[in-house]
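Reproduced below: model02.txt, with compact mmCIF, C-alpha atoms and all ligand atoms.
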```txt
# COMPACT_ATOMS: atom_id res chain seq x y z
CA MET A 1 -13.77 27.97 -41.26
CA THR A 2 -14.04 28.11 -45.08
CA ASP A 3 -17.49 28.66 -46.59
CA LYS A 4 -18.90 25.60 -48.27
CA PHE A 5 -18.53 25.51 -52.04
CA ARG A 6 -22.03 25.52 -53.53
CA TRP A 7 -22.40 23.01 -56.36
CA GLY A 8 -25.23 22.74 -58.86
CA ILE A 9 -25.87 19.68 -61.00
CA LEU A 10 -27.58 20.00 -64.40
CA GLY A 11 -29.03 16.67 -65.58
CA THR A 12 -29.88 13.88 -63.16
CA GLY A 13 -28.72 10.66 -64.84
CA SER A 14 -26.34 7.94 -63.79
CA ILE A 15 -23.08 9.92 -63.65
CA ALA A 16 -24.82 12.79 -61.84
CA ARG A 17 -25.59 10.35 -59.01
CA GLN A 18 -21.93 9.35 -58.81
CA PHE A 19 -20.74 12.94 -58.89
CA ALA A 20 -23.15 13.81 -56.04
CA GLU A 21 -21.76 10.86 -54.12
CA GLY A 22 -18.21 12.08 -54.82
CA LEU A 23 -19.02 15.48 -53.31
CA THR A 24 -19.76 13.80 -49.97
CA ALA A 25 -16.02 13.08 -49.67
CA LEU A 26 -15.31 16.83 -49.67
CA PRO A 27 -16.13 18.44 -46.30
CA ASP A 28 -16.02 21.92 -47.81
CA ALA A 29 -18.46 21.14 -50.65
CA GLU A 30 -22.22 20.91 -50.72
CA LEU A 31 -24.77 20.01 -53.34
CA THR A 32 -26.84 23.17 -53.31
CA ALA A 33 -29.11 22.86 -56.33
CA VAL A 34 -30.20 20.36 -58.94
CA GLY A 35 -31.68 21.15 -62.35
CA SER A 36 -33.65 18.70 -64.44
CA ARG A 37 -36.03 18.78 -67.40
CA SER A 38 -38.74 17.62 -65.01
CA GLU A 39 -39.88 18.89 -61.63
CA GLU A 40 -40.45 15.35 -60.35
CA THR A 41 -36.96 14.09 -61.30
CA ALA A 42 -35.30 17.20 -59.91
CA ARG A 43 -37.16 16.85 -56.61
CA ARG A 44 -36.38 13.14 -56.22
CA PHE A 45 -32.70 13.61 -57.03
CA SER A 46 -32.45 16.54 -54.70
CA GLU A 47 -34.12 14.67 -51.82
CA LYS A 48 -31.94 11.61 -52.31
CA HIS A 49 -28.70 13.60 -52.35
CA GLY A 50 -29.62 16.25 -49.83
CA ALA A 51 -29.61 19.25 -52.16
CA GLN A 52 -31.03 22.47 -50.72
CA ARG A 53 -33.22 23.25 -53.72
CA HIS A 54 -34.25 21.93 -57.10
CA HIS A 55 -35.14 23.53 -60.41
CA SER A 56 -37.53 22.11 -62.97
CA SER A 57 -35.64 23.43 -66.00
CA TYR A 58 -32.05 23.94 -67.08
CA GLU A 59 -32.79 27.64 -67.59
CA ALA A 60 -33.83 27.90 -63.93
CA ILE A 61 -30.61 26.38 -62.55
CA ALA A 62 -28.63 28.61 -64.92
CA ARG A 63 -30.36 31.60 -63.30
CA ASP A 64 -29.68 30.43 -59.73
CA PRO A 65 -27.67 33.32 -58.25
CA ASP A 66 -26.16 31.40 -55.34
CA LEU A 67 -23.97 28.74 -56.94
CA ASP A 68 -20.18 28.58 -57.18
CA ALA A 69 -20.12 26.10 -60.07
CA VAL A 70 -22.47 23.86 -62.04
CA TYR A 71 -21.65 20.34 -63.26
CA VAL A 72 -23.12 19.41 -66.67
CA SER A 73 -24.01 15.71 -66.89
CA THR A 74 -26.27 15.46 -69.91
CA PRO A 75 -25.65 13.39 -73.09
CA HIS A 76 -22.78 14.52 -75.34
CA SER A 77 -24.93 16.33 -77.89
CA LEU A 78 -26.24 18.71 -75.18
CA HIS A 79 -22.94 19.69 -73.56
CA CYS A 80 -22.40 22.71 -75.78
CA GLU A 81 -25.95 24.09 -75.48
CA ASN A 82 -26.08 23.50 -71.71
CA THR A 83 -22.64 24.97 -71.08
CA LEU A 84 -23.36 28.07 -73.17
CA LEU A 85 -26.62 28.59 -71.24
CA LEU A 86 -24.82 28.39 -67.90
CA LEU A 87 -21.95 30.64 -68.95
CA GLU A 88 -24.38 33.17 -70.39
CA HIS A 89 -25.90 33.44 -66.91
CA GLY A 90 -22.51 33.83 -65.28
CA GLN A 91 -22.03 30.31 -63.87
CA ASN A 92 -18.67 28.54 -63.59
CA VAL A 93 -18.91 25.18 -65.35
CA LEU A 94 -17.52 21.67 -65.09
CA CYS A 95 -18.73 19.81 -68.21
CA GLU A 96 -18.69 16.03 -68.65
CA LYS A 97 -16.52 14.31 -71.24
CA PRO A 98 -16.43 14.38 -74.17
CA PHE A 99 -16.49 18.14 -73.75
CA ALA A 100 -18.46 18.54 -76.99
CA ILE A 101 -19.53 16.72 -80.14
CA ASN A 102 -16.76 18.34 -82.17
CA LEU A 103 -13.96 20.89 -82.11
CA SER A 104 -16.11 23.72 -83.37
CA GLU A 105 -18.53 23.34 -80.42
CA ALA A 106 -15.61 23.09 -77.99
CA GLU A 107 -14.12 26.32 -79.35
CA ARG A 108 -17.45 28.14 -78.94
CA MET A 109 -17.74 26.97 -75.34
CA ILE A 110 -14.22 28.10 -74.47
CA ALA A 111 -14.70 31.44 -76.27
CA LYS A 112 -17.87 32.05 -74.24
CA ALA A 113 -16.09 31.25 -70.97
CA ARG A 114 -13.36 33.73 -71.86
CA GLU A 115 -15.89 36.38 -72.87
CA LYS A 116 -17.80 35.94 -69.61
CA LYS A 117 -14.62 35.51 -67.55
CA ARG A 118 -15.89 32.31 -66.01
CA PHE A 119 -14.17 29.05 -65.08
CA LEU A 120 -14.71 26.17 -67.51
CA MET A 121 -13.26 22.66 -67.48
CA GLU A 122 -13.89 19.27 -69.04
CA ALA A 123 -14.68 16.62 -66.42
CA MET A 124 -11.94 14.22 -67.54
CA TRP A 125 -11.69 12.76 -64.03
CA MET A 126 -8.90 10.34 -64.98
CA ARG A 127 -6.40 13.19 -65.12
CA PHE A 128 -6.98 13.94 -61.42
CA ASN A 129 -6.63 10.38 -60.18
CA PRO A 130 -3.60 10.15 -57.82
CA VAL A 131 -2.22 7.06 -59.60
CA ILE A 132 -2.39 8.83 -62.97
CA ARG A 133 -0.63 11.81 -61.36
CA LYS A 134 1.99 9.36 -60.10
CA LEU A 135 2.42 8.00 -63.63
CA GLY A 136 3.26 11.52 -64.78
CA GLU A 137 5.87 11.86 -62.02
CA LEU A 138 7.45 8.48 -62.81
CA LEU A 139 7.72 9.28 -66.52
CA GLU A 140 9.15 12.70 -65.72
CA ALA A 141 11.76 11.08 -63.48
CA GLY A 142 12.72 8.62 -66.27
CA ALA A 143 11.55 5.55 -64.32
CA ILE A 144 11.16 3.54 -67.54
CA GLY A 145 13.49 5.55 -69.76
CA GLU A 146 11.86 6.95 -72.89
CA PRO A 147 8.25 5.80 -73.44
CA ARG A 148 8.01 4.00 -76.80
CA GLN A 149 4.66 2.20 -76.76
CA VAL A 150 1.33 2.62 -75.03
CA MET A 151 -1.46 0.06 -75.11
CA ALA A 152 -4.86 0.81 -73.57
CA ASP A 153 -8.41 -0.44 -74.03
CA PHE A 154 -11.81 0.49 -72.62
CA GLY A 155 -14.67 -1.70 -73.76
CA PHE A 156 -17.87 -2.83 -72.06
CA ARG A 157 -20.99 -4.65 -73.18
CA ALA A 158 -24.18 -2.59 -73.03
CA ASP A 159 -27.59 -3.92 -74.09
CA PHE A 160 -28.50 -2.61 -77.49
CA ASP A 161 -31.13 0.13 -77.38
CA PRO A 162 -31.29 2.48 -80.36
CA GLU A 163 -32.85 5.25 -78.25
CA GLN A 164 -30.28 5.11 -75.45
CA ARG A 165 -27.49 7.68 -75.54
CA LEU A 166 -24.73 5.11 -76.18
CA PHE A 167 -26.31 4.04 -79.48
CA ASN A 168 -28.38 7.08 -80.46
CA PRO A 169 -26.64 9.34 -83.01
CA ASP A 170 -28.88 12.25 -81.93
CA LEU A 171 -27.26 12.07 -78.48
CA GLY A 172 -23.70 11.64 -79.81
CA GLY A 173 -23.57 7.85 -79.39
CA GLY A 174 -20.61 5.60 -80.13
CA ALA A 175 -17.64 3.98 -78.43
CA LEU A 176 -15.11 6.61 -79.50
CA LEU A 177 -16.82 9.57 -77.85
CA ASP A 178 -18.05 7.64 -74.83
CA VAL A 179 -15.00 5.62 -73.83
CA GLY A 180 -12.38 5.86 -76.61
CA ILE A 181 -11.61 9.27 -75.19
CA TYR A 182 -10.00 7.56 -72.16
CA PRO A 183 -7.25 5.59 -73.94
CA ILE A 184 -6.71 8.60 -76.21
CA THR A 185 -6.30 10.86 -73.17
CA PHE A 186 -4.07 8.25 -71.51
CA ALA A 187 -1.73 8.35 -74.56
CA ARG A 188 -1.76 12.14 -74.29
CA VAL A 189 -0.77 11.95 -70.61
CA VAL A 190 2.23 9.82 -71.61
CA PHE A 191 3.42 11.59 -74.77
CA HIS A 192 2.16 15.20 -74.23
CA GLU A 193 1.83 15.73 -77.97
CA ALA A 194 -0.35 15.03 -80.96
CA PRO A 195 0.52 12.02 -83.09
CA VAL A 196 1.89 12.72 -86.58
CA SER A 197 -0.13 9.84 -88.01
CA VAL A 198 -3.45 8.26 -86.99
CA VAL A 199 -4.83 5.03 -88.44
CA SER A 200 -8.20 3.87 -87.19
CA ALA A 201 -10.97 1.35 -87.81
CA ALA A 202 -14.58 1.20 -86.65
CA GLY A 203 -17.15 -1.56 -86.40
CA ARG A 204 -20.39 0.35 -87.05
CA GLY A 205 -23.71 -0.89 -85.66
CA GLU A 206 -27.36 -0.68 -86.72
CA THR A 207 -27.67 2.98 -85.74
CA GLY A 208 -24.53 3.94 -87.66
CA ILE A 209 -22.35 4.74 -84.67
CA ASP A 210 -19.10 2.87 -83.86
CA GLU A 211 -19.88 -0.03 -81.53
CA GLN A 212 -16.16 -0.66 -81.36
CA SER A 213 -13.17 1.13 -82.71
CA ALA A 214 -9.37 1.05 -82.63
CA TYR A 215 -6.78 3.76 -83.09
CA LEU A 216 -3.08 3.44 -83.89
CA PHE A 217 -1.09 6.60 -83.25
CA ARG A 218 2.49 7.24 -84.40
CA TYR A 219 4.44 10.08 -82.84
CA GLU A 220 7.29 12.14 -84.28
CA SER A 221 9.87 10.06 -82.39
CA GLY A 222 8.48 6.79 -83.79
CA ALA A 223 6.70 5.98 -80.51
CA LEU A 224 3.32 4.25 -80.93
CA ALA A 225 -0.02 4.06 -79.10
CA LEU A 226 -2.37 1.10 -79.70
CA LEU A 227 -5.78 2.05 -78.37
CA SER A 228 -9.31 0.68 -78.54
CA SER A 229 -12.82 1.04 -77.19
CA ALA A 230 -16.17 -0.72 -77.36
CA ILE A 231 -19.75 -0.48 -76.10
CA ARG A 232 -20.88 -4.00 -77.13
CA THR A 233 -17.77 -5.96 -76.10
CA GLU A 234 -16.14 -6.33 -72.72
CA THR A 235 -12.36 -5.85 -72.99
CA PRO A 236 -9.62 -6.22 -70.30
CA HIS A 237 -9.46 -2.50 -69.31
CA GLU A 238 -5.69 -2.58 -69.11
CA ALA A 239 -3.01 -0.08 -69.96
CA VAL A 240 0.72 -0.57 -70.35
CA VAL A 241 3.40 2.02 -70.95
CA CYS A 242 6.54 0.41 -72.39
CA GLY A 243 9.77 2.39 -72.22
CA THR A 244 13.38 1.87 -73.20
CA GLU A 245 14.13 0.81 -69.62
CA GLY A 246 11.00 -0.86 -68.33
CA GLN A 247 7.21 -0.92 -68.15
CA ILE A 248 4.43 0.62 -66.11
CA ARG A 249 1.26 -1.50 -66.09
CA PHE A 250 -2.26 -0.64 -65.03
CA PRO A 251 -3.80 -4.07 -64.52
CA ARG A 252 -7.41 -2.90 -64.32
CA HIS A 253 -9.60 0.14 -65.06
CA PHE A 254 -6.68 2.41 -65.96
CA TRP A 255 -9.03 5.43 -66.02
CA ASN A 256 -9.66 5.12 -62.27
CA PRO A 257 -6.74 3.08 -60.94
CA ASP A 258 -5.75 2.43 -57.34
CA ARG A 259 -2.41 0.86 -58.28
CA LEU A 260 0.25 0.60 -60.92
CA ILE A 261 3.00 -1.94 -61.48
CA LEU A 262 6.45 -0.48 -62.11
CA ASN A 263 8.77 -3.14 -63.53
CA GLY A 264 6.93 -5.88 -61.64
CA ASP A 265 6.68 -3.92 -58.40
CA GLU A 266 3.05 -3.17 -57.44
CA GLN A 267 2.49 0.27 -55.95
CA ARG A 268 -0.90 1.03 -54.40
CA ILE A 269 -2.20 4.47 -53.64
CA GLU A 270 -5.18 5.09 -51.39
CA ILE A 271 -8.12 6.55 -53.29
CA VAL A 272 -10.39 8.71 -51.18
CA GLY A 273 -14.09 8.81 -52.09
CA ASN A 274 -15.32 7.42 -55.40
CA GLY A 275 -12.76 9.31 -57.50
CA TYR A 276 -15.03 12.06 -58.82
CA ASN A 277 -14.14 14.14 -55.75
CA TYR A 278 -10.66 14.81 -57.15
CA GLU A 279 -11.88 16.73 -60.20
CA ALA A 280 -14.45 18.53 -58.05
CA ALA A 281 -11.75 19.55 -55.56
CA ALA A 282 -9.62 20.92 -58.41
CA VAL A 283 -12.53 23.03 -59.68
CA MET A 284 -13.14 24.37 -56.17
CA GLU A 285 -9.50 25.34 -55.76
CA CYS A 286 -9.46 27.14 -59.13
CA VAL A 287 -12.72 29.02 -58.55
CA ARG A 288 -11.71 30.02 -55.03
CA THR A 289 -8.37 31.35 -56.24
CA GLY A 290 -9.83 33.11 -59.28
CA GLN A 291 -8.31 30.83 -61.95
CA LEU A 292 -10.38 30.52 -65.12
CA GLU A 293 -8.87 27.23 -66.21
CA CYS A 294 -7.17 24.34 -64.47
CA ASP A 295 -3.56 23.50 -65.27
CA VAL A 296 -4.22 19.75 -64.89
CA MET A 297 -7.00 19.89 -67.50
CA PRO A 298 -6.43 23.10 -69.47
CA HIS A 299 -8.51 24.17 -72.47
CA SER A 300 -5.58 23.41 -74.78
CA GLU A 301 -5.70 19.72 -73.78
CA THR A 302 -9.46 19.57 -74.25
CA LEU A 303 -9.09 21.06 -77.74
CA ALA A 304 -6.21 18.73 -78.64
CA VAL A 305 -8.18 15.60 -77.71
CA GLN A 306 -11.37 16.95 -79.30
CA SER A 307 -9.59 17.50 -82.61
CA GLN A 308 -8.24 13.94 -82.42
CA LEU A 309 -11.80 12.65 -82.04
CA ASP A 310 -12.87 14.71 -85.07
CA GLU A 311 -9.96 13.40 -87.15
CA ILE A 312 -10.77 9.79 -86.30
CA ARG A 313 -14.49 10.17 -87.07
CA ALA A 314 -13.61 11.87 -90.38
CA GLN A 315 -11.65 8.75 -91.35
CA TRP A 316 -14.87 6.72 -91.02
CA GLY A 317 -17.21 9.35 -92.46
CA LEU A 318 -19.18 9.32 -89.19
CA THR A 319 -21.07 12.57 -88.63
CA TYR A 320 -23.75 13.40 -86.10
CA PRO A 321 -27.09 15.09 -86.89
CA GLY A 322 -26.60 18.82 -87.25
CA GLU A 323 -22.93 18.59 -88.22
N1 LIG B 401 -16.86 10.59 -65.99
C1 LIG B 401 -17.40 9.40 -66.05
O1 LIG B 401 -16.94 8.43 -65.43
C2 LIG B 401 -18.65 9.22 -66.83
C3 LIG B 401 -19.37 8.04 -66.71
C4 LIG B 401 -20.56 7.94 -67.39
C5 LIG B 401 -20.98 8.96 -68.21
N2 LIG B 401 -20.23 10.08 -68.34
C6 LIG B 401 -20.67 11.19 -69.21
O2 LIG B 401 -21.76 11.84 -68.56
C7 LIG B 401 -22.74 12.24 -69.50
C8 LIG B 401 -24.07 11.64 -69.09
O3 LIG B 401 -23.97 10.23 -69.05
P1 LIG B 401 -24.97 9.33 -68.17
O4 LIG B 401 -24.49 7.94 -68.29
O5 LIG B 401 -25.13 9.90 -66.81
O6 LIG B 401 -26.31 9.50 -69.02
P2 LIG B 401 -27.81 9.26 -68.52
O7 LIG B 401 -27.84 8.32 -67.39
O8 LIG B 401 -28.57 8.94 -69.76
O9 LIG B 401 -28.25 10.70 -67.97
C9 LIG B 401 -28.25 11.83 -68.77
C10 LIG B 401 -29.17 12.88 -68.16
O10 LIG B 401 -29.20 13.98 -69.06
C11 LIG B 401 -30.48 14.57 -69.06
N3 LIG B 401 -30.97 14.67 -70.44
C12 LIG B 401 -31.28 15.82 -71.08
N4 LIG B 401 -31.72 15.60 -72.31
C13 LIG B 401 -31.71 14.27 -72.48
C14 LIG B 401 -32.09 13.44 -73.56
N5 LIG B 401 -32.55 13.93 -74.73
N6 LIG B 401 -31.98 12.10 -73.40
C15 LIG B 401 -31.51 11.59 -72.26
N7 LIG B 401 -31.13 12.34 -71.19
C16 LIG B 401 -31.24 13.67 -71.30
C17 LIG B 401 -31.38 13.72 -68.20
O11 LIG B 401 -31.50 14.39 -66.95
P3 LIG B 401 -32.84 15.16 -66.55
O12 LIG B 401 -33.96 14.23 -66.89
O13 LIG B 401 -32.67 15.40 -65.12
O14 LIG B 401 -32.91 16.43 -67.34
C18 LIG B 401 -30.62 12.43 -68.02
O15 LIG B 401 -30.87 11.82 -66.81
C19 LIG B 401 -22.22 11.79 -70.86
O16 LIG B 401 -21.58 12.86 -71.48
C20 LIG B 401 -21.20 10.71 -70.53
O17 LIG B 401 -20.15 10.60 -71.46
C21 LIG B 401 -19.09 10.22 -67.66
```

Before anything else, please render the file you have as structure tokens.
Amino acid sequence: MTDKFRWGILGTGSIARQFAEGLTALPDAELTAVGSRSEETARRFSEKHGAQRHHSSYEAIARDPDLDAVYVSTPHSLHCENTLLLLEHGQNVLCEKPFAINLSEAERMIAKAREKKRFLMEAMWMRFNPVIRKLGELLEAGAIGEPRQVMADFGFRADFDPEQRLFNPDLGGGALLDVGIYPITFARVVFHEAPVSVVSAAGRGETGIDEQSAYLFRYESGALALLSSAIRTETPHEAVVCGTEGQIRFPRHFWNPDRLILNGDEQRIEIVGNGYNYEAAAVMECVRTGQLECDVMPHSETLAVQSQLDEIRAQWGLTYPGE
């Protein structure tokens, strides 16, 4: 029997709960340790999710000698600092999206992982979803000819709270970094290249961050991607890939789909667990086989998307504190 893979979780917020739940779908994984800024929060999270031990600081979980990988689930502005701390102490790291606030942070994180010879990956779970993998296969097989247009949106309505991470510039708030990264990644999955031209627009809110934004990408071939995101407006959550010989539609939550529609024909794929288990399983496979990056979500893709995010923000003059 294989030894259980020993996971740590750093930061005990809403996505950390879902990731812990996702691990329960993997018989060869266990939540071993939890690290929080507070003893009380760490203990409660660890009791609720059956972790073996808890740490009352991020430094303490970084020093835990018996972990196979640690998942970073703090706000965007802390990803770089938290990841560097973990890598410095020799941990393998799965870091939430967006990987960092900007390209320069992302490059430092990747350089540290290489220096320490540790595994590092951005937790862009959409790339591991079986339906998204199927999309890649269909495009590869020419199921809709040459892709010419992609449309995708991810917008939801959150209550306005200037302190909350979605709206707080200190925590890297804004629709682009929180959810715009999904349609942008989706376009990347389809076209596998950077656009030659990017036009974008942002509706900025009281705290200065983009409460909604849209991005129009043009590729070398003339193909286009029409993408948008929002944190104060609910949008349809659809994606469509239009090719020279047909369409592939994702009728709902394209970032975690259980079906696609190929030229009118609905194809469902069974999703096991809550979806976060797929990225966790990929990390486990890589770490167990000694790979330092994952070919489904390699560093080059993280850097490509991160530089896109920088380019778009530069068009609006949106910078975060410390940049
Ligand atoms: N993959 C996905 O589907 C998905 C979905 C939602 C969010 N995310 C990503 O996951 C990350 C966390 O999002 P979330 O929604 O889980 O956030 P959240 O509920 O606000 O939790 C963030 C956690 O980070 C820790 N933290 C450290 N410093 C903090 C600070 N100054 N302010 C607030 N929290 C701080 C806290 O844990 P302790 O108190 O334990 O230290 C907190 O519970 C973000 O990068 C987000 O983009 C991904």

For Val190 (chain A), the nearest of the candidates A:Glu39, A:Glu245, A:Glu140, A:Glu88, counting only C-alpha atoms: A:Glu140

At most 7 Å from ligand LIG 401 (chain B) (only C-alpha atoms and all ligand atoms): residue list as a ChimeraX atom specification: /A:10-16,35-38,41-42,73-76,78,96-98,123-125,165,171,178

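Near Trp255 (chain A), within a cut-off of 8 Å and counting only C-alpha atoms, sit the residues Met126, Tyr182 and Phe186 of chain A, with same-chain residues fewer than 4 positions away left out.
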
Near-Asp210 (chain A) list (9 Å; only C-alpha atoms; drop same-chain fewer than 4 positions) as a ChimeraX atom specification: /A:167,173-176,202-205,230-231,318

Keeping C-alpha atoms, export the residues of the selection given above as a short mmCIF file (atom, residue, chain, number, x, y, z; two decimals), keeping the file's coordinate frame.
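Generated file (result-v9.cif):
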```
data_model
loop_
_atom_site.label_atom_id
_atom_site.label_comp_id
_atom_site.auth_asym_id
_atom_site.auth_seq_id
_atom_site.Cartn_x
_atom_site.Cartn_y
_atom_site.Cartn_z
CA PHE A 167 -26.31 4.04 -79.48
CA GLY A 173 -23.57 7.85 -79.39
CA GLY A 174 -20.61 5.60 -80.13
CA ALA A 175 -17.64 3.98 -78.43
CA LEU A 176 -15.11 6.61 -79.50
CA ALA A 202 -14.58 1.20 -86.65
CA GLY A 203 -17.15 -1.56 -86.40
CA ARG A 204 -20.39 0.35 -87.05
CA GLY A 205 -23.71 -0.89 -85.66
CA ALA A 230 -16.17 -0.72 -77.36
CA ILE A 231 -19.75 -0.48 -76.10
CA LEU A 318 -19.18 9.32 -89.19
#
```

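Among the candidate residues A:Asp153, A:Asp159, A:Asp258, A:Glu30, the one lying nearest to Leu216 (chain A) is A:Asp153, with distances computed using all atoms listed in the file.
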
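Picture a line from CA of Pro130 (chain A) to CA of His253 (chain A); it runs 13.7 Å.
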
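Closest to Pro162 (chain A) among A:Cys95, A:Ile209, A:Val34, A:Val272 is A:Ile209, based on all atoms listed in the file.
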
All residues 12 Å or closer to Asp64 (chain A), all atoms listed in the file, same chain fewer than 2 positions away omitted, as an MDAnalysis selection string: chainID A and resid 6:10 32:35 53:62 66:70 86 89:92

Minimum-distance residue to Pro236 (chain A), chosen among A:Ile271, A:Met151, A:Ile184, A:Ala201 (using only C-alpha atoms): A:Met151

Within-12 Å shell of (-17.2, 37.2, -66.3) in input frame, all atoms listed in the file, as number ranges by chain: A: 86-92, 111-120, 290-292

Distance query Met297 (chain A) at most 9 Å, all atoms listed in the file, self and fewer than 2 positions along chain excluded, as a PyMOL selection string: chain A and resi 121-124+127-128+293-295+299-302

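Residues in contact with Ser200 (chain A) at 10 Å, where only C-alpha atoms are counted and same-chain residues fewer than 6 positions away are skipped, are listed as A:Ser213, A:Ala214, A:Tyr215, A:Leu216, A:Phe217, A:Leu226, A:Leu227, A:Ser228, A:Glu311, A:Ile312, A:Arg313, A:Gln315, A:Trp316.
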
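The nearest approach to Arg133 (chain A) among the residues A:Glu266, A:Arg218, A:Val189, A:Gln52, with all atoms listed in the file taken into account, belongs to A:Val189.
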
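The two atoms in question, CA of Gly155 (chain A) and CA of Leu260 (chain A), are spaced 19.8 Å apart.
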
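Comparing A:Phe5, A:Gly273, A:Phe154, A:Ala187 by their smallest distance to Gly136 (chain A), the closest is A:Ala187 (using all atoms listed in the file).
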